[in-house]
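Reading through the structure tokens given below for one structure.
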Amino acid sequence: MTKKEKQVLLLRILLGVLIVCNMAVIFLFSSQSAKKSAAISQKVTNAVVETVTKDYGEKPAGEQNAIVRKAHTPIRKLAHMLEFGSLATLSFLFLITWRGKILWRYAASLGFALVYAATDELHQLFSDGRGARLSDVFIDFSGAFIACTLALIIVMLVRRIKKSATADSSATEQKPTFVVFVSQMFSRFQFFVSGQISKLKEVHKKKEKEK
């Protein structure tokens, strides 16, 4: 096994572990009861609102609670989008370590994220106080689509840059060879002209002797 093959193998193992961990985190969150899940979401929302909102601590308690209530659902849904966005992106990066058409790997990553989002919602049916919503599957898949599409664009740009760099390098390597070829052709032409001039001089000398 070459050094490059070992590096690719280690990358696959690392990405595989990260994918499993990501799936495990999603599974554990879905296993929580509605009460526990809401309490965790509330803590996260409070932390985000306190960080983002200007002069939050100076506002009245009623206004603080109103801000938290308003931000709770969007932040909760955004967290779901991030979970499935990272899952789709890691899956995409894992698949492109093999050769093949990149768009098929992109589609496979999105398909995997969609299936897992659907099974995650079904899993919530078995958690106390939780339910399954088709809208949540759409939200989860939206996060996967946005993140994976960005990853696809970045990978394609990097590949194009590398391809251009390789082409420029090849052109640079071919340049000296081209210069040598032109130089050789010029030398041959010069030798040919010199030979023709010598022949003309000999003919002229013969004519002079004959006279």
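Identifiers in the structure tokens: chain A, B, ... in order shown; residue index from 1 per chain; ligand index from 1 in order shown.
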Subject >> alpha helix (DSSP H) call set, DSSP backbone run, stretch 54-93 of chain A, as a ChimeraX atom specification >> reply: /A:61-93
For stretch 67-134 of chain A against stretch 24-27 of chain A, with a cut-off of 9 Å and counting only C-alpha atoms, what is the closest atom pair and its distance in Å to one decimal for every residue that makes the cut, ordered by chain and number, as CSV?
residue,atom,partner,partner_atom,distance
A:His80,CA,A:Ile26,CA,8.6
A:Glu83,CA,A:Ile26,CA,7.1
A:Phe84,CA,A:Ile26,CA,8.5
A:Asp120,CA,A:Phe27,CA,6.9
A:His123,CA,A:Phe27,CA,8.1
**OP:** For stretch 60-76 of chain A, please output as a list in words all residues within 10 Å (counting only C-alpha atoms; exclusion window: fewer than 3 positions along the same chain).
**Re:**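 Skipping anything fewer than 3 positions along the chain leaves Ala38, Ile40, Ser41, Gln42, Lys43, Val44, Thr45, Asn46, Ala47, Val48, Val49, Glu50, Thr53, Tyr56, Gly57, Ala79, His80 and Met81 of chain A.
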**OP:** Write out as a PyMOL selection string each polymer residue whose atoms come within 9 Å of stretch 2-13 of chain A, counting only C-alpha atoms; drop sequence neighbours fewer than 3 positions from it.
**Re:** chain A and resi 16-18+93-95+97
Subject >> Contact residues around stretch 99-103 of chain A with only C-alpha atoms at 12 Å, ignoring same-chain residues under 6 positions, as a list in words >> reply: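 Listing them by chain and then by number gives Val8, Phe92, Leu93, Ser109, Leu110, Cys148, Thr149, Ala151, Leu152, Ile153, Val155, Met156 and Arg159 of chain A.
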**OP:** Measuring atom to atom with only C-alpha atoms, identify which of A:Ser91, A:Ser37, A:Ser30, A:Ser86 is nearest to A:Leu15.
**Re:**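 When distances to A:Leu15 are compared using only C-alpha atoms, the smallest one comes from A:Ser91.
Interatomic distance, atom CA of A:Phe141 to atom CA of A:Glu121: 12.0 Å.
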**OP:** Have a look at A:Leu90, A:Arg105, A:Arg133, A:Ser127 and name the one nearest to A:Leu14; count only C-alpha atoms.
**Re:** A:Leu90
